[in-house]
file run-v4.pdb (PDB, C-alpha atoms, pLDDT in the B column)
MODEL        1
ATOM      1  CA  MET B  21      -5.183  16.334   7.229  1.00 90.00           C
ATOM      2  CA  ALA B  22      -3.687  15.335   3.891  1.00 93.00           C
ATOM      3  CA  HIS B  23      -5.497  12.780   1.766  1.00 94.00           C
ATOM      4  CA  GLY B  24      -5.454  11.332  -1.708  1.00 95.00           C
ATOM      5  CA  GLU B  25      -6.652   8.580  -3.988  1.00 97.00           C
ATOM      6  CA  VAL B  26      -4.894   6.682  -6.762  1.00 98.00           C
ATOM      7  CA  SER B  27      -6.514   4.129  -9.046  1.00 98.00           C
ATOM      8  CA  GLU B  28      -5.111   1.687 -11.592  1.00 98.00           C
ATOM      9  CA  VAL B  29      -6.570  -0.964 -13.899  1.00 98.00           C
ATOM     10  CA  ILE B  30      -4.765  -4.282 -13.397  1.00 98.00           C
ATOM     11  CA  PRO B  31      -4.785  -7.184 -15.896  1.00 97.00           C
ATOM     12  CA  ALA B  32      -5.882  -9.713 -13.256  1.00 97.00           C
ATOM     13  CA  SER B  33      -8.967 -10.499 -11.225  1.00 97.00           C
ATOM     14  CA  ALA B  34      -9.652  -8.655  -7.983  1.00 98.00           C
ATOM     15  CA  ALA B  35      -9.072 -11.923  -6.097  1.00 98.00           C
ATOM     16  CA  GLU B  36      -5.616 -12.436  -7.645  1.00 97.00           C
ATOM     17  CA  VAL B  37      -4.570  -8.849  -6.964  1.00 98.00           C
ATOM     18  CA  PHE B  38      -5.912  -8.898  -3.413  1.00 98.00           C
ATOM     19  CA  GLU B  39      -4.033 -12.111  -2.690  1.00 97.00           C
ATOM     20  CA  LEU B  40      -0.702 -10.778  -3.982  1.00 97.00           C
ATOM     21  CA  LEU B  41      -1.051  -7.398  -2.292  1.00 96.00           C
ATOM     22  CA  HIS B  42      -1.470  -8.949   1.140  1.00 97.00           C
ATOM     23  CA  ASP B  43       1.101 -11.727   0.749  1.00 97.00           C
ATOM     24  CA  TYR B  44       4.067 -10.294   2.642  1.00 97.00           C
ATOM     25  CA  GLY B  45       6.359 -13.090   1.448  1.00 95.00           C
ATOM     26  CA  ARG B  46       5.914 -11.799  -2.134  1.00 95.00           C
ATOM     27  CA  ARG B  47       5.420  -8.094  -1.439  1.00 95.00           C
ATOM     28  CA  LEU B  48       8.886  -6.985  -2.506  1.00 95.00           C
ATOM     29  CA  SER B  49       8.543  -8.757  -5.873  1.00 93.00           C
ATOM     30  CA  TRP B  50       6.489  -5.810  -7.125  1.00 95.00           C
ATOM     31  CA  ASP B  51       6.334  -3.014  -4.516  1.00 94.00           C
ATOM     32  CA  THR B  52       8.616  -0.131  -5.549  1.00 91.00           C
ATOM     33  CA  LEU B  53       8.141   1.849  -2.315  1.00 90.00           C
ATOM     34  CA  LEU B  54       9.446  -0.691   0.163  1.00 93.00           C
ATOM     35  CA  SER B  55      12.768  -2.134   1.251  1.00 94.00           C
ATOM     36  CA  ALA B  56      11.126  -4.526   3.744  1.00 95.00           C
ATOM     37  CA  ALA B  57       7.613  -5.758   4.481  1.00 96.00           C
ATOM     38  CA  TYR B  58       6.547  -8.314   7.042  1.00 97.00           C
ATOM     39  CA  LEU B  59       3.857  -9.335   9.465  1.00 97.00           C
ATOM     40  CA  ASP B  60       4.818  -9.103  13.108  1.00 95.00           C
ATOM     41  CA  ASP B  61       3.552 -10.242  16.508  1.00 92.00           C
ATOM     42  CA  GLY B  62       3.689 -13.870  15.298  1.00 94.00           C
ATOM     43  CA  PHE B  63       1.138 -13.446  12.507  1.00 96.00           C
ATOM     44  CA  THR B  64       1.645 -15.508   9.341  1.00 96.00           C
ATOM     45  CA  GLU B  65      -1.284 -14.261   7.202  1.00 97.00           C
ATOM     46  CA  ALA B  66      -2.859 -10.864   6.726  1.00 98.00           C
ATOM     47  CA  GLY B  67      -6.308 -10.375   8.245  1.00 98.00           C
ATOM     48  CA  LYS B  68      -8.343  -8.108  10.485  1.00 98.00           C
ATOM     49  CA  GLY B  69      -6.386  -7.348  13.666  1.00 98.00           C
ATOM     50  CA  VAL B  70      -3.066  -8.451  12.137  1.00 98.00           C
ATOM     51  CA  THR B  71      -0.092  -6.118  12.500  1.00 98.00           C
ATOM     52  CA  SER B  72       2.469  -5.464   9.791  1.00 97.00           C
ATOM     53  CA  VAL B  73       5.591  -3.409   9.238  1.00 96.00           C
ATOM     54  CA  CYS B  74       6.445  -1.731   5.945  1.00 94.00           C
ATOM     55  CA  VAL B  75       9.824  -0.034   5.622  1.00 94.00           C
ATOM     56  CA  GLY B  76      10.309   2.559   2.897  1.00 88.00           C
ATOM     57  CA  ARG B  77      13.251   2.668   0.547  1.00 85.00           C
ATOM     58  CA  ARG B  78      16.421   4.291   1.818  1.00 84.00           C
ATOM     59  CA  SER B  79      15.919   7.216  -0.569  1.00 77.00           C
ATOM     60  CA  LEU B  80      12.686   7.954   1.315  1.00 69.00           C
ATOM     61  CA  GLY B  81      14.308   7.833   4.739  1.00 72.00           C
ATOM     62  CA  SER B  82      13.758   4.122   5.456  1.00 82.00           C
ATOM     63  CA  LEU B  83      10.740   5.039   7.574  1.00 86.00           C
ATOM     64  CA  ALA B  84       9.010   2.040   9.104  1.00 89.00           C
ATOM     65  CA  LEU B  85       5.236   2.176   9.429  1.00 91.00           C
ATOM     66  CA  ARG B  86       3.739  -0.346  11.840  1.00 95.00           C
ATOM     67  CA  THR B  87       0.066  -0.792  11.043  1.00 97.00           C
ATOM     68  CA  VAL B  88      -2.905  -2.906  12.010  1.00 98.00           C
ATOM     69  CA  TYR B  89      -5.542  -4.180   9.612  1.00 98.00           C
ATOM     70  CA  VAL B  90      -8.844  -2.615  10.668  1.00 98.00           C
ATOM     71  CA  SER B  91     -10.754  -4.134   7.755  1.00 98.00           C
ATOM     72  CA  PHE B  92     -10.050  -7.246   5.700  1.00 98.00           C
ATOM     73  CA  ASP B  93     -12.748  -8.460   3.302  1.00 98.00           C
ATOM     74  CA  PRO B  94     -11.190 -10.499   0.454  1.00 98.00           C
ATOM     75  CA  PRO B  95     -11.296  -9.809  -2.424  1.00 97.00           C
ATOM     76  CA  LYS B  96     -13.024  -6.445  -1.976  1.00 98.00           C
ATOM     77  CA  VAL B  97     -11.251  -4.206   0.525  1.00 98.00           C
ATOM     78  CA  ALA B  98      -8.570  -4.011   3.177  1.00 98.00           C
ATOM     79  CA  ALA B  99      -7.717  -1.047   5.375  1.00 98.00           C
ATOM     80  CA  VAL B 100      -4.892  -0.335   7.795  1.00 98.00           C
ATOM     81  CA  LYS B 101      -4.067   2.357  10.317  1.00 98.00           C
ATOM     82  CA  LEU B 102      -0.824   3.426  11.910  1.00 96.00           C
ATOM     83  CA  ILE B 103      -0.146   2.108  15.422  1.00 95.00           C
ATOM     84  CA  ASP B 104       3.258   3.634  16.108  1.00 87.00           C
ATOM     85  CA  SER B 105       4.758   7.100  15.752  1.00 80.00           C
ATOM     86  CA  PRO B 106       7.504   7.217  13.128  1.00 85.00           C
ATOM     87  CA  PRO B 107       9.129  10.578  12.425  1.00 82.00           C
ATOM     88  CA  PHE B 108       6.837  13.113  10.723  1.00 87.00           C
ATOM     89  CA  PHE B 109       3.626  11.070  10.971  1.00 89.00           C
ATOM     90  CA  GLY B 110       1.017  11.795  13.624  1.00 91.00           C
ATOM     91  CA  GLU B 111      -1.714   9.659  12.065  1.00 93.00           C
ATOM     92  CA  TRP B 112      -1.805   7.589   8.886  1.00 94.00           C
ATOM     93  CA  ALA B 113      -4.428   5.280   7.388  1.00 97.00           C
ATOM     94  CA  ALA B 114      -5.079   3.711   3.997  1.00 97.00           C
ATOM     95  CA  SER B 115      -7.568   1.473   2.267  1.00 98.00           C
ATOM     96  CA  ILE B 116      -7.379  -0.450  -0.955  1.00 98.00           C
ATOM     97  CA  ARG B 117     -10.518  -1.419  -2.816  1.00 98.00           C
ATOM     98  CA  HIS B 118     -10.689  -4.023  -5.565  1.00 98.00           C
ATOM     99  CA  THR B 119     -13.386  -4.136  -8.241  1.00 98.00           C
ATOM    100  CA  ASP B 120     -13.623  -6.661 -11.063  1.00 98.00           C
ATOM    101  CA  LEU B 121     -14.187  -4.908 -14.392  1.00 98.00           C
ATOM    102  CA  SER B 122     -14.260  -7.923 -16.700  1.00 96.00           C
ATOM    103  CA  PRO B 123     -12.844 -11.444 -16.596  1.00 94.00           C
ATOM    104  CA  GLY B 124      -9.131 -11.051 -15.919  1.00 94.00           C
ATOM    105  CA  GLU B 125      -9.248  -7.292 -15.301  1.00 97.00           C
ATOM    106  CA  SER B 126      -9.868  -5.267 -12.158  1.00 98.00           C
ATOM    107  CA  ARG B 127      -9.472  -1.806 -10.719  1.00 98.00           C
ATOM    108  CA  VAL B 128      -7.467  -1.101  -7.585  1.00 98.00           C
ATOM    109  CA  THR B 129      -8.235   2.125  -5.724  1.00 98.00           C
ATOM    110  CA  TYR B 130      -5.836   3.168  -2.981  1.00 98.00           C
ATOM    111  CA  THR B 131      -7.045   5.899  -0.614  1.00 98.00           C
ATOM    112  CA  PHE B 132      -4.813   7.427   2.048  1.00 97.00           C
ATOM    113  CA  GLN B 133      -4.877  10.105   4.695  1.00 97.00           C
ATOM    114  CA  PHE B 134      -2.358  11.317   7.221  1.00 95.00           C
ATOM    115  CA  THR B 135      -1.355  14.121   9.521  1.00 95.00           C
ATOM    116  CA  VAL B 136       2.137  15.425  10.012  1.00 93.00           C
ATOM    117  CA  ARG B 137       3.880  15.952  13.294  1.00 91.00           C
ATOM    118  CA  PRO B 138       5.011  18.160  14.806  1.00 91.00           C
ATOM    119  CA  GLY B 139       1.767  20.065  14.375  1.00 91.00           C
ATOM    120  CA  TRP B 140       3.448  23.421  13.969  1.00 94.00           C
ATOM    121  CA  LEU B 141       5.095  22.159  10.737  1.00 92.00           C
ATOM    122  CA  ARG B 142       1.887  20.657   9.350  1.00 93.00           C
ATOM    123  CA  TRP B 143       1.112  23.660   7.122  1.00 94.00           C
ATOM    124  CA  ALA B 144       4.479  23.311   5.353  1.00 95.00           C
ATOM    125  CA  LEU B 145       5.086  19.547   5.317  1.00 93.00           C
ATOM    126  CA  GLU B 146       1.642  18.065   4.623  1.00 95.00           C
ATOM    127  CA  PRO B 147       1.307  19.461   1.075  1.00 95.00           C
ATOM    128  CA  ILE B 148       4.815  18.288   0.148  1.00 94.00           C
ATOM    129  CA  MET B 149       4.416  14.871   1.740  1.00 91.00           C
ATOM    130  CA  ALA B 150       0.992  14.444   0.091  1.00 95.00           C
ATOM    131  CA  VAL B 151       2.476  15.079  -3.362  1.00 95.00           C
ATOM    132  CA  VAL B 152       5.341  12.643  -2.729  1.00 91.00           C
ATOM    133  CA  PHE B 153       3.016   9.973  -1.303  1.00 90.00           C
ATOM    134  CA  HIS B 154       0.593  10.340  -4.226  1.00 95.00           C
ATOM    135  CA  TRP B 155       3.447  10.072  -6.743  1.00 95.00           C
ATOM    136  CA  GLU B 156       4.955   7.028  -4.982  1.00 92.00           C
ATOM    137  CA  THR B 157       1.541   5.348  -4.763  1.00 95.00           C
ATOM    138  CA  ARG B 158       0.936   5.893  -8.485  1.00 97.00           C
ATOM    139  CA  LYS B 159       4.386   4.420  -9.180  1.00 96.00           C
ATOM    140  CA  ARG B 160       3.782   1.337  -7.051  1.00 95.00           C
ATOM    141  CA  LEU B 161       0.321   0.652  -8.520  1.00 97.00           C
ATOM    142  CA  ARG B 162       1.821   0.866 -12.001  1.00 97.00           C
ATOM    143  CA  ALA B 163       4.493  -1.607 -10.883  1.00 96.00           C
ATOM    144  CA  LEU B 164       1.698  -3.890  -9.650  1.00 97.00           C
ATOM    145  CA  ARG B 165      -0.017  -3.594 -13.043  1.00 97.00           C
ATOM    146  CA  ASN B 166       3.263  -4.363 -14.824  1.00 96.00           C
ATOM    147  CA  HIS B 167       3.841  -7.370 -12.568  1.00 95.00           C
ATOM    148  CA  PHE B 168       0.524  -8.903 -13.654  1.00 96.00           C
ATOM    149  CA  ALA B 169       0.975  -7.855 -17.297  1.00 94.00           C
ATOM    150  CA  ALA B 170       4.341  -9.629 -17.426  1.00 92.00           C
ATOM    151  CA  ARG B 171       2.850 -12.705 -15.803  1.00 82.00           C
ATOM    152  CA  ARG B 172      -0.002 -12.712 -18.311  1.00 78.00           C
ATOM    153  CA  ALA B 173       2.476 -12.454 -21.186  1.00 72.00           C
ATOM    154  CA  GLY B 174       4.490 -15.360 -19.770  1.00 70.00           C
ATOM    155  CA  ALA B 175       7.514 -13.195 -19.034  1.00 61.00           C
ATOM    156  CA  PRO B 176       9.181 -12.933 -15.656  1.00 60.00           C
ATOM    157  CA  PRO B 177       7.783  -9.985 -13.659  1.00 55.00           C
ATOM    158  CA  PRO B 178       9.836  -6.774 -13.911  1.00 54.00           C
TER
ENDMDL
END
call {"tool": "encode", "arguments": {"input": "run-v4.pdb", "output": "structure tokens"}}
result
Amino acid sequence: MAHGEVSEVIPASAAEVFELLHDYGRRLSWDTLLSAAYLDDGFTEAGKGVTSVCVGRRSLGSLALRTVYVSFDPPKVAAVKLIDSPPFFGEWAASIRHTDLSPGESRVTYTFQFTVRPGWLRWALEPIMAVVFHWETRKRLRALRNHFAARRAGAPPP
């Protein structure tokens, strides 16, 4: 099983970051990994038991991951797990923890794990996919940081 963790300091409170991260109407305003993000099954707000779909950029194969929130404790932590079987993923889960560091500053820690399918290719694909996923996660958390930094400076988000 591949796993990783990426952390970033964000110039906003944990509550503000948590709210933006789980607002699917605003998700594409900062998220560099996705081409689409929405709640499905009639849900209108993220929460425990809510299902969502996140579709990767075309350059990453436009893979759609349908997940369910297994934990949702604003503004501290949310976790999701895969509930469908897109190409190459057997299992996938992630959590994001939020910790206030000082007024107006927090740390976001994104932890992920997954297995590759088919199993006989796991030895070759998991290390490559883990590196790509770690790099993309770092990129998107930096974009999240820049989104809040621009807002703090009064500029439009990048």
call {"tool": "residues_around", "arguments": {"input": "run-v4.pdb", "residues": "Phe108 of chain B", "least_positions_apart": "2", "cutoff": "12 Å", "atoms": "all atoms listed in the file", "output": "ChimeraX atom specification"}}
result
/B:81,83-85,104-106,110-112,134-142,144-146,148-149
call {"tool": "atom_distance", "arguments": {"input": "run-v4.pdb", "atom1": "atom CA of Arg86 of chain B", "atom2": "atom CA of Leu164 of chain B"}}
result
21.9 Å
call {"tool": "closest_residue", "arguments": {"input": "run-v4.pdb", "among": "B:Ala57, B:Ala173, B:Ala98, B:Ile103", "to": "Glu39 of chain B", "atoms": "all atoms listed in the file"}}
result
B:Ala98
call {"tool": "resolve_selection", "arguments": {"input": "run-v4.pdb", "expression": "the PyMOL selection byres ((chain B and resi 90) around 8)", "output": "list in words"}}
result
Lys68, Gly69, Val88, Tyr89, Ser91, Phe92, Ala98, Ala99, Val100 and Lys101 of chain B
call {"tool": "closest_residue", "arguments": {"input": "run-v4.pdb", "among": "B:Arg171, B:Arg160, B:His154, B:Arg127", "to": "Ser33 of chain B", "atoms": "only C-alpha atoms"}}
result
B:Arg127
call {"tool": "resolve_selection", "arguments": {"input": "run-v4.pdb", "expression": "the PyMOL selection byres ((chain B and resi 72) around 9)", "output": "number ranges by chain"}}
result
B: 44, 57-61, 63, 66, 70-71, 73-74, 85-89
call {"tool": "atom_distance", "arguments": {"input": "run-v4.pdb", "atom1": "atom CA of Glu36 of chain B", "atom2": "atom CA of Gln133 of chain B"}}
result
25.7 Å
call {"tool": "closest_residue", "arguments": {"input": "run-v4.pdb", "among": "B:Arg158, B:Arg117, B:Arg77, B:Arg172", "to": "Leu41 of chain B", "atoms": "only C-alpha atoms"}}
result
B:Arg117
call {"tool": "resolve_selection", "arguments": {"input": "run-v4.pdb", "expression": "the PyMOL selection byres ((chain B and resi 78) around 12)", "output": "PyMOL selection string"}}
result
chain B and resi 52-56+75-77+79-84
call {"tool": "closest_residue", "arguments": {"input": "run-v4.pdb", "among": "B:Met21, B:Val26, B:Thr64, B:Pro31", "to": "Ser122 of chain B", "atoms": "all atoms listed in the file"}}
result
B:Pro31
call {"tool": "closest_residue", "arguments": {"input": "run-v4.pdb", "among": "B:Ala169, B:Ala163, B:Phe153, B:Ala35", "to": "Arg47 of chain B", "atoms": "only C-alpha atoms"}}
result
B:Ala163
call {"tool": "atom_distance", "arguments": {"input": "run-v4.pdb", "atom1": "atom CA of Val152 of chain B", "atom2": "atom CA of Ala114 of chain B"}}
result
15.3 Å
call {"tool": "closest_residue", "arguments": {"input": "run-v4.pdb", "among": "B:Leu161, B:Ile30, B:Ala22, B:Ala150", "to": "Tyr130 of chain B", "atoms": "all atoms listed in the file"}}
result
B:Leu161
